[in-house]
Amino acid sequence: MSAEQAETELFQAMIVRALEQEVTPFYEQWEEAGEIPRPLWHTLGQAGMLGIDMPEEYGGAAASFEVSQLAIEEIARMGFGGLASGYNIHANIVMPYILHLGNEQQKQAWLPAMISGQVLGAIAMTEPGAGSDLAAMRTTAERTEGGWRINGAKVFITNGLHADMVIVCAKTDPKAGAKGVSLFLVDTSLPGFSRGKGIKKIGQHASDTAELFFSDLIVPEEALLGEEGKGFAYLMQELPRERLGVGAQAIGASEGALALTLDYVQQRHAFGQRIADFQNTRFKLAEARARIDMARAYLNQCISKYHQGAMTATDAAILKLMLTEMQCDIAHECLQLFGGYGYTLEYPISRFFVDARVQTIYAGTSEIMKEVIARSMLGK
């Protein structure tokens with residue numbers, strides 16, 4: 001076994017142990033409550049699960065990028081879809097934005113606190129009147145003495161109820177379209193920031209999702225992340241990693257749903273035989289296994305490209321499209337094999353089913369992914 005494999009197995013055992021101790025006994029309660037308790041993020045930080053691949057100088061473990069994706073996969077495999085989404089935003093999206101785009105002052109101000117769980121992060125792109133069309137956003141940031149004044153609203157923000165810091169996308173030049181977007185690191189304790197009540201969803205109930213409001217919110221000059229007007233380019237630059245995280249979540253959830261179903265069909269009997277002995281069952285599960293293994297091969301290929309700085313927007317779109325659609329298909333087929341029990345909350349397969357649905361919507365809908373792929377072949 002190579003040193004890299006040994007490190008990966010060590011981290012995997014640590015991640016699973018932490019989840020079994022700190023999440024499994026309580027997750028049903030969190031689903032019913034519609035949010036994850038804020039102290040859990042402190043616990044995950046103490047367990048070394050936040051910022052796994054961040055540099056040691058900021059408190060991270062400096063582990064490989066693969067390990068950071070493995071954490072997302074394990075959370076999803078264990079049936080914690082809501083937590084997986086919140087974790088992906090905090091550790092796999094917001095932290096890398098700061099690491100890649102922030103200056104040293106911003107990194108020191110936010111990364112150690114995020115890695116410890118003291119600060120929970122979110123990113124605010126989507127608006128009530130502008131979903132996938134980010135260039136149509138109406139939230140504005142105007143220069144003021146010593147900083148910026150932000151006005152507007154965002155919706156469907158994961159970690160929105162508890163976030164201590166939000167990366168806000170805002171128009172700094174409303175006439176420049178996509179080239180007029182900038183990013184800001186917004187401390188949610190500032191006057192002018194407010195949250196709506198949690199949005200009730202059909203799945204991922206434990207993932208708190210909120211609408212955010214900015215009313216003459218003043219942030220200092222140093223809140224600008226990167227350069228003014230380059231926000232849209234930064235979003236495009238960081239999207240491959242975001243979609244890799246969604247892909248890891250899809251793989252993990254598919255593996256979890258398949259494992260539950262394999263166990264169930266070998267125990268449940270109908271018409272004098274195990275459900276596992278019906279040809280339809282065997283074929284459905286064989287197809288699921290084949291699709292997951294093919295998907296994992298493409299995920300690994302994309303991770304390798306990401307390492308080399310060669311992963312394209314088209315690669316990310318193909319990954320996001322195919323893996324999330326696969327996840328929904330597998331959750332559907334697996335639930336069907338549970339019969340009536342699959343439609344009850346008593347059996348976890350039902351949560352895999354409802355949690356899967358949003359995967360084809362956030363981080364770019366399947367339709368947008370198809371358009372990205374088509375443009376790479378046919379142009380605009």
# chains A, B, ... in the order shown; residues from 1 in each chain; ligands from 1
>>> residues_around(residues="Val166 of chain A", least_positions_apart="5", cutoff="10 Å", atoms="only C-alpha atoms", output="list in words")
His90, Val94, Leu120, Gly121, Ala122, Ile123, Ala124, Ile157, Asn159, Gly160, Leu183, Phe184, Leu185, Val186, Asp187, Thr188 and Leu212 of chain A
>>> closest_atom_pairs(of="segment 129-172 of chain A", to="segment 16-38 of chain A", cutoff="10 Å", atoms="only C-alpha atoms", output="Markdown table")
| residue | atom | partner | partner_atom | distance |
| --- | --- | --- | --- | --- |
| A:Asn159 | CA | A:Glu35 | CA | 8.9 |
| A:Leu161 | CA | A:Glu35 | CA | 8.5 |
| A:His162 | CA | A:Arg38 | CA | 6.6 |
| A:Ala163 | CA | A:Arg38 | CA | 9.2 |
>>> write_last_selection(atoms="N, CA and C atoms", output="mmCIF file, in the first residue's frame")
data_model
loop_
_atom_site.group_PDB
_atom_site.id
_atom_site.type_symbol
_atom_site.label_atom_id
_atom_site.label_comp_id
_atom_site.auth_asym_id
_atom_site.auth_seq_id
_atom_site.Cartn_x
_atom_site.Cartn_y
_atom_site.Cartn_z
ATOM 1 N N ASN A 159 -26.863 26.969 4.207
ATOM 2 C CA ASN A 159 -26.221 27.465 5.445
ATOM 3 C C ASN A 159 -26.658 28.883 5.780
ATOM 4 N N LEU A 161 -29.179 30.206 7.359
ATOM 5 C CA LEU A 161 -29.699 30.543 8.689
ATOM 6 C C LEU A 161 -28.597 30.754 9.716
ATOM 7 N N HIS A 162 -27.487 30.025 9.560
ATOM 8 C CA HIS A 162 -26.441 30.068 10.579
ATOM 9 C C HIS A 162 -25.137 30.710 10.115
ATOM 10 N N ALA A 163 -25.032 31.039 8.848
ATOM 11 C CA ALA A 163 -23.755 31.531 8.315
ATOM 12 C C ALA A 163 -23.262 32.774 9.055
#
>>> select_by_dssp(residues="segment 56-187 of chain A", states="strand (DSSP E)", output="PyMOL selection string")
chain A and resi 121-124+140-144+147-158+165-171+181-187
>>> residues_around(residues="Asp133 of chain A", least_positions_apart="6", cutoff="12 Å", atoms="only C-alpha atoms", output="list in words")
Met125, Thr126, Glu127, Gly177, Ala178, Phe232, Ala363, Gly364, Thr365 and Ile368 of chain A
>>> write_last_selection(atoms="C-alpha atoms", output="PDB file, in the first residue's frame")
ATOM      1  CA  MET A 125     -25.475  33.902  -5.915  1.00  0.00           C
ATOM      2  CA  THR A 126     -29.121  33.063  -6.652  1.00  0.00           C
ATOM      3  CA  GLU A 127     -31.752  35.789  -6.491  1.00  0.00           C
ATOM      4  CA  GLY A 177     -23.500  42.807 -17.551  1.00  0.00           C
ATOM      5  CA  ALA A 178     -21.421  39.816 -16.453  1.00  0.00           C
ATOM      6  CA  PHE A 232     -18.236  36.360 -12.868  1.00  0.00           C
ATOM      7  CA  ALA A 363     -24.919  24.311  -8.920  1.00  0.00           C
ATOM      8  CA  GLY A 364     -26.389  24.619 -12.427  1.00  0.00           C
ATOM      9  CA  THR A 365     -29.486  22.773 -13.633  1.00  0.00           C
ATOM     10  CA  ILE A 368     -27.862  24.543 -18.223  1.00  0.00           C
TER      11      ILE A 368
END
>>> atom_distance(atom1="atom CA of Gln359 of chain A", atom2="atom CA of Ala250 of chain A")
7.7 Å
